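Asker: So that you have it, the file is input.cif, and it contains mmCIF, C-alpha atoms:
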```
data_start
#
loop_
_atom_site.label_atom_id
_atom_site.label_comp_id
_atom_site.auth_asym_id
_atom_site.auth_seq_id
_atom_site.Cartn_x
_atom_site.Cartn_y
_atom_site.Cartn_z
CA MET A 80 -23.77 3.43 -6.49
CA LYS A 81 -25.00 1.78 -9.66
CA LYS A 82 -23.07 -1.19 -11.00
CA LYS A 83 -21.02 -0.19 -14.06
CA ASP A 84 -18.62 -3.08 -14.63
CA SER A 85 -17.88 -2.07 -18.22
CA ILE A 86 -16.43 1.23 -16.96
CA PHE A 87 -14.87 0.44 -13.60
CA ILE A 88 -13.39 -3.02 -14.19
CA PRO A 89 -11.12 -1.82 -17.05
CA ILE A 90 -10.06 1.19 -14.94
CA ILE A 91 -9.21 -1.07 -11.99
CA ILE A 92 -7.25 -3.43 -14.25
CA PHE A 93 -5.39 -0.55 -15.94
CA LEU A 94 -4.40 1.04 -12.61
CA SER A 95 -3.47 -2.37 -11.19
CA LEU A 96 -1.05 -2.91 -14.06
CA ILE A 97 0.41 0.56 -14.68
CA ILE A 98 1.10 1.58 -11.07
CA PRO A 99 3.26 -1.46 -10.19
CA VAL A 100 5.17 -1.00 -13.46
CA VAL A 101 5.92 2.65 -12.61
CA VAL A 102 7.00 1.74 -9.08
CA ALA A 103 9.15 -1.13 -10.40
CA LEU A 104 10.89 1.25 -12.82
CA LEU A 105 11.60 3.61 -9.94
CA MET A 106 13.11 0.75 -7.95
CA LEU A 107 15.12 -0.71 -10.84
CA PHE A 108 16.46 2.57 -12.20
CA PRO A 109 16.68 4.93 -9.21
CA ASP A 110 19.72 6.85 -10.48
CA THR A 111 18.21 7.40 -13.93
CA LEU A 112 14.98 8.88 -12.59
CA TYR A 113 16.51 10.78 -9.65
CA VAL A 114 15.69 14.51 -9.66
CA LYS A 115 17.32 16.95 -7.24
CA ILE A 116 14.82 19.47 -5.96
CA SER A 117 16.65 21.89 -3.68
CA ILE A 118 13.74 24.06 -2.50
CA ILE A 119 12.01 21.22 -0.62
CA ASP A 120 13.64 18.66 1.66
CA PHE A 121 12.06 15.26 1.05
CA SER A 122 14.42 13.34 3.34
CA SER A 123 11.75 12.86 6.03
CA LEU A 124 9.40 11.02 3.67
CA PRO A 125 10.41 7.52 4.88
CA PHE A 126 9.18 8.42 8.39
CA PHE A 127 5.99 9.88 6.88
CA HIS A 128 5.51 6.61 4.96
CA ALA A 129 5.84 4.61 8.18
CA VAL A 130 3.24 6.82 9.84
CA LEU A 131 0.88 6.38 6.85
CA ASN A 132 1.38 2.60 6.89
CA GLY A 133 0.84 2.42 10.65
CA CYS A 134 -2.33 4.49 10.45
CA THR A 135 -3.54 2.37 7.53
CA ALA A 136 -3.04 -0.82 9.55
CA ILE A 137 -4.97 0.68 12.46
CA LEU A 138 -7.82 1.76 10.17
CA ILE A 139 -7.97 -1.65 8.50
CA PHE A 140 -8.23 -3.30 11.92
CA ILE A 141 -10.88 -0.82 13.09
CA GLY A 142 -12.82 -1.40 9.85
CA PHE A 143 -12.66 -5.14 10.53
CA VAL A 144 -14.03 -4.61 14.05
CA PHE A 145 -16.81 -2.37 12.71
CA ILE A 146 -18.00 -4.89 10.15
CA LYS A 147 -17.89 -7.71 12.70
CA ASN A 148 -20.20 -5.54 14.85
CA LYS A 149 -22.45 -4.85 11.83
CA LYS A 150 -21.63 -1.13 11.75
CA THR A 151 -21.52 -0.98 7.97
CA GLN A 152 -21.43 2.79 7.54
CA LEU A 153 -18.51 3.13 9.97
CA HIS A 154 -16.82 0.20 8.24
CA LYS A 155 -17.22 1.88 4.87
CA THR A 156 -15.88 5.22 6.11
CA THR A 157 -12.93 3.59 7.86
CA MET A 158 -11.97 1.43 4.91
CA LEU A 159 -12.23 4.33 2.46
CA SER A 160 -10.02 6.33 4.85
CA ALA A 161 -7.48 3.48 4.86
CA PHE A 162 -7.54 3.46 1.06
CA ILE A 163 -7.01 7.23 0.93
CA LEU A 164 -4.02 6.93 3.27
CA SER A 165 -2.61 4.14 1.10
CA SER A 166 -3.09 6.35 -1.96
CA VAL A 167 -1.29 9.25 -0.27
CA PHE A 168 1.47 6.80 0.63
CA LEU A 169 1.78 5.69 -3.00
CA VAL A 170 2.06 9.24 -4.34
CA SER A 171 4.50 10.18 -1.59
CA TYR A 172 6.55 7.03 -2.22
CA VAL A 173 6.91 7.92 -5.90
CA ILE A 174 7.98 11.46 -4.94
CA SER A 175 10.46 10.00 -2.45
CA LYS A 176 11.94 7.64 -5.03
CA ILE A 177 12.54 10.40 -7.57
CA THR A 178 13.83 13.03 -5.10
CA ASN A 179 15.97 11.02 -2.65
CA GLU A 180 19.08 9.06 -3.45
CA PRO A 181 18.76 5.33 -2.73
CA VAL A 182 19.86 4.29 0.76
CA PRO A 183 21.30 0.78 1.07
CA PHE A 184 20.53 -1.42 4.05
CA GLY A 185 23.62 -1.60 6.25
CA GLY A 186 22.68 -4.38 8.63
CA GLU A 187 24.77 -7.52 8.88
CA GLY A 188 24.25 -11.08 10.00
CA ILE A 189 20.81 -12.53 10.72
CA ILE A 190 19.11 -9.12 10.73
CA ARG A 191 20.08 -8.72 7.07
CA TYR A 192 18.19 -11.92 6.18
CA VAL A 193 15.22 -10.88 8.29
CA TYR A 194 15.16 -7.44 6.66
CA PHE A 195 15.30 -8.78 3.12
CA PHE A 196 12.64 -11.41 3.82
CA ILE A 197 10.33 -8.71 5.17
CA LEU A 198 11.18 -6.30 2.34
CA ILE A 199 10.75 -8.83 -0.48
CA SER A 200 7.49 -10.23 0.90
CA HIS A 201 6.26 -6.66 1.47
CA ILE A 202 7.06 -5.62 -2.11
CA PHE A 203 5.64 -8.82 -3.64
CA LEU A 204 2.36 -8.64 -1.73
CA SER A 205 1.99 -4.89 -2.20
CA VAL A 206 1.49 -5.52 -5.92
CA PHE A 207 -1.75 -7.34 -5.08
CA VAL A 208 -3.09 -4.80 -2.58
CA LEU A 209 -4.16 -2.24 -5.18
CA PRO A 210 -6.38 -4.51 -7.32
CA LEU A 211 -7.73 -6.33 -4.27
CA ALA A 212 -8.59 -3.07 -2.49
CA LEU A 213 -10.10 -1.50 -5.61
CA PHE A 214 -12.23 -4.57 -6.36
CA SER A 215 -13.25 -4.82 -2.70
CA ILE A 216 -14.29 -1.17 -2.63
CA TYR A 217 -16.10 -1.43 -5.95
CA ARG A 218 -18.06 -4.55 -4.96
CA GLY A 219 -18.92 -3.02 -1.59
CA MET A 220 -20.06 0.27 -3.13
CA THR A 221 -22.22 -1.51 -5.70
CA GLY A 222 -23.89 -3.56 -2.97
CA GLU A 223 -22.52 -6.87 -4.23
CA ILE A 224 -21.85 -8.03 -0.70
CA GLN A 225 -21.17 -11.71 -1.48
CA LYS A 226 -18.56 -10.76 -4.10
CA HIS A 227 -17.19 -8.16 -1.69
CA LYS A 228 -16.83 -10.79 1.05
CA SER A 229 -15.14 -13.27 -1.28
CA ILE A 230 -12.51 -10.67 -2.28
CA VAL A 231 -12.06 -9.25 1.22
CA LYS A 232 -11.06 -12.62 2.66
CA TRP A 233 -7.85 -12.12 0.63
CA THR A 234 -7.65 -8.32 0.76
CA PHE A 235 -7.76 -7.98 4.54
CA PRO A 236 -4.77 -10.18 5.48
CA ILE A 237 -2.62 -9.09 2.54
CA TRP A 238 -3.31 -5.38 3.01
CA MET A 239 -2.75 -5.68 6.77
CA TYR A 240 0.54 -7.53 6.22
CA VAL A 241 1.76 -4.92 3.73
CA ALA A 242 0.83 -2.04 6.05
CA ILE A 243 2.55 -3.59 9.07
CA THR A 244 5.66 -4.67 7.17
CA GLY A 245 5.88 -1.18 5.71
CA VAL A 246 6.41 0.08 9.25
CA LEU A 247 8.90 -2.71 9.97
CA VAL A 248 10.91 -1.90 6.84
CA TYR A 249 11.15 1.71 7.99
CA LEU A 250 12.20 0.70 11.53
CA LEU A 251 14.90 -1.61 10.18
CA MET A 252 16.11 1.03 7.69
CA SER A 253 15.90 4.06 10.00
CA PRO A 254 19.51 3.86 11.24
CA TYR A 255 20.71 4.23 7.64
CA TYR A 256 18.65 7.24 6.56
#
```
When written as structure tokens, how does the structure in this file appear?

Answerer:
Amino acid sequence: MKKKDSIFIPIIIFLSLIIPVVVALLMLFPDTLYVKISIIDFSSLPFFHAVLNGCTAILIFIGFVFIKNKKTQLHKTTMLSAFILSSVFLVSYVISKITNEPVPFGGEGIIRYVYFFILISHIFLSVFVLPLALFSIYRGMTGEIQKHKSIVKWTFPIWMYVAITGVLVYLLMSPYY
């Protein structure tokens, strides 16, 4: 792929700004944006999201193993697959937020603090995953390996944390769905 910073960098920045804003609006105003669609039952989406996050975490780890073993084509395929799963998650999450009524966490005591720590850190760090992943992919695809490596040292742990905590959030919330 030929380097086209003047095209792709603004697109990455735009998506990195607009998508978190849309998701934040869905979280801040769930009742305002809630739409009842009776022909399709979207209540199982939280489980689907956990599966997507779990598979993403596995793919990220496998991609890490591939690159450590210098299997660059397998690394590329695996990481693009992880990004596709994350993208499916994002679209599905938006659908879930506008079609399902909000479900409050019902846990009490120490588990409540644990849950909210995991949830808040998950949400906060998820904002950074999109631009980090997009820049990592872009730099890798354009062959700018040094820039790719310098971004990936941040992308890998943050993306892995977000994927794993996404599963944990579901597991902690599952009794209340």

Asker: Rank nothing, just name the residue among A:Tyr172, A:Tyr240, A:Tyr217, A:Phe140 nearest to Ile90 of chain A, using only C-alpha atoms.

Answerer: A:Tyr217

Asker: Kindly indicate which residue among A:Lys82, A:His154, A:Lys176, A:Lys149 lies nearest to Met106 of chain A, using all atoms listed in the file for the distances.

Answerer: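 Looking at the shortest contact to Met106 of chain A, the residue is A:Lys176.
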
Asker: Figure out the distance between atom CA of Ser205 of chain A and atom CA of Ser229 of chain A, please, to one decimal in Å.

Answerer: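 Calculated distance between atom CA of Ser229 of chain A and atom CA of Ser205 of chain A is 19.1 Å.
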
Asker: Could you give me, as a short mmCIF file (atom, residue, chain, number, x, y, z; two decimals) with C-alpha atoms, keeping the file's coordinate frame, the residues within 9 Å of segment 243-256 of chain A, counting all atoms listed in the file and dropping anything in the same chain fewer than 4 positions from it?

Answerer:
```cif
data_model
loop_
_atom_site.label_atom_id
_atom_site.label_comp_id
_atom_site.auth_asym_id
_atom_site.auth_seq_id
_atom_site.Cartn_x
_atom_site.Cartn_y
_atom_site.Cartn_z
CA SER A 122 14.42 13.34 3.34
CA SER A 123 11.75 12.86 6.03
CA PRO A 125 10.41 7.52 4.88
CA PHE A 126 9.18 8.42 8.39
CA HIS A 128 5.51 6.61 4.96
CA ALA A 129 5.84 4.61 8.18
CA VAL A 130 3.24 6.82 9.84
CA LEU A 131 0.88 6.38 6.85
CA ASN A 132 1.38 2.60 6.89
CA GLY A 133 0.84 2.42 10.65
CA THR A 135 -3.54 2.37 7.53
CA ALA A 136 -3.04 -0.82 9.55
CA VAL A 182 19.86 4.29 0.76
CA PRO A 183 21.30 0.78 1.07
CA PHE A 184 20.53 -1.42 4.05
CA GLY A 185 23.62 -1.60 6.25
CA GLY A 186 22.68 -4.38 8.63
CA ILE A 190 19.11 -9.12 10.73
CA TYR A 194 15.16 -7.44 6.66
CA PHE A 195 15.30 -8.78 3.12
CA ILE A 197 10.33 -8.71 5.17
CA LEU A 198 11.18 -6.30 2.34
CA SER A 200 7.49 -10.23 0.90
CA HIS A 201 6.26 -6.66 1.47
CA TRP A 238 -3.31 -5.38 3.01
CA MET A 239 -2.75 -5.68 6.77
#
```

Asker: Name the residues that the PyMOL selection byres ((chain A and resi 146) around 12) pulls out of this structure, and write them as a list in words.

Answerer: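 So the PyMOL selection byres ((chain A and resi 146) around 12) ends up selecting Ile139, Phe140, Ile141, Gly142, Phe143, Val144, Phe145, Lys147, Asn148, Lys149, Lys150, Thr151, Gln152, Leu153, His154, Lys155, Thr156, Thr157, Met158, Gly219, Ile224, Lys228 and Val231 of chain A.
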
Asker: Just to be explicit: take each residue in the selection above, keep C-alpha atoms, and write the result as an mmCIF file, keeping the file's coordinate frame.

Answerer:
```cif
data_model
loop_
_atom_site.group_PDB
_atom_site.id
_atom_site.type_symbol
_atom_site.label_atom_id
_atom_site.label_comp_id
_atom_site.auth_asym_id
_atom_site.auth_seq_id
_atom_site.Cartn_x
_atom_site.Cartn_y
_atom_site.Cartn_z
ATOM 1 C CA ILE A 139 -7.970 -1.650 8.500
ATOM 2 C CA PHE A 140 -8.230 -3.300 11.920
ATOM 3 C CA ILE A 141 -10.880 -0.820 13.090
ATOM 4 C CA GLY A 142 -12.820 -1.400 9.850
ATOM 5 C CA PHE A 143 -12.660 -5.140 10.530
ATOM 6 C CA VAL A 144 -14.030 -4.610 14.050
ATOM 7 C CA PHE A 145 -16.810 -2.370 12.710
ATOM 8 C CA LYS A 147 -17.890 -7.710 12.700
ATOM 9 C CA ASN A 148 -20.200 -5.540 14.850
ATOM 10 C CA LYS A 149 -22.450 -4.850 11.830
ATOM 11 C CA LYS A 150 -21.630 -1.130 11.750
ATOM 12 C CA THR A 151 -21.520 -0.980 7.970
ATOM 13 C CA GLN A 152 -21.430 2.790 7.540
ATOM 14 C CA LEU A 153 -18.510 3.130 9.970
ATOM 15 C CA HIS A 154 -16.820 0.200 8.240
ATOM 16 C CA LYS A 155 -17.220 1.880 4.870
ATOM 17 C CA THR A 156 -15.880 5.220 6.110
ATOM 18 C CA THR A 157 -12.930 3.590 7.860
ATOM 19 C CA MET A 158 -11.970 1.430 4.910
ATOM 20 C CA GLY A 219 -18.920 -3.020 -1.590
ATOM 21 C CA ILE A 224 -21.850 -8.030 -0.700
ATOM 22 C CA LYS A 228 -16.830 -10.790 1.050
ATOM 23 C CA VAL A 231 -12.060 -9.250 1.220
#
```

Asker: Which residues, protein or nucleic acid, reach to within 12 Å of (-2.6, 3.0, -12.5) in the file's coordinates when using all atoms listed in the file, and can you give that as a list in words?

Answerer: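 Residues satisfying the cut-off, written out: Pro89, Ile90, Ile91, Ile92, Phe93, Leu94, Ser95, Leu96, Ile97, Ile98, Pro99, Val100, Val101, Val102, Ser166, Leu169, Val170, Val206, Leu209, Pro210 and Leu213 of chain A.
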
Asker: Give the answer as one residue: which of A:Thr234, A:Ala103, A:Thr221, A:Lys226 has the shortest atom-to-atom distance to Phe87 of chain A, using only C-alpha atoms?

Answerer: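 Comparing A:Thr234, A:Ala103, A:Thr221, A:Lys226 against Phe87 of chain A, the winner is A:Thr221.
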
Asker: Can you work out the spacing between atom CA of Ile137 of chain A and atom CA of Phe168 of chain A in Å, to one decimal?

Answerer: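 Interatomic distance here is 14.8 Å.
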
Asker: Between atom CA of Leu105 of chain A and atom CA of Phe127 of chain A, what is the spacing in Å?

Answerer: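 Between atom CA of Phe127 of chain A and atom CA of Leu105 of chain A the gap is 18.8 Å.
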
Asker: Have a look at A:Leu104, A:Leu159, A:Leu164, A:Val173 and name the one nearest to Ser215 of chain A; count all atoms listed in the file.

Answerer: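 Nearest to Ser215 of chain A: A:Leu159.
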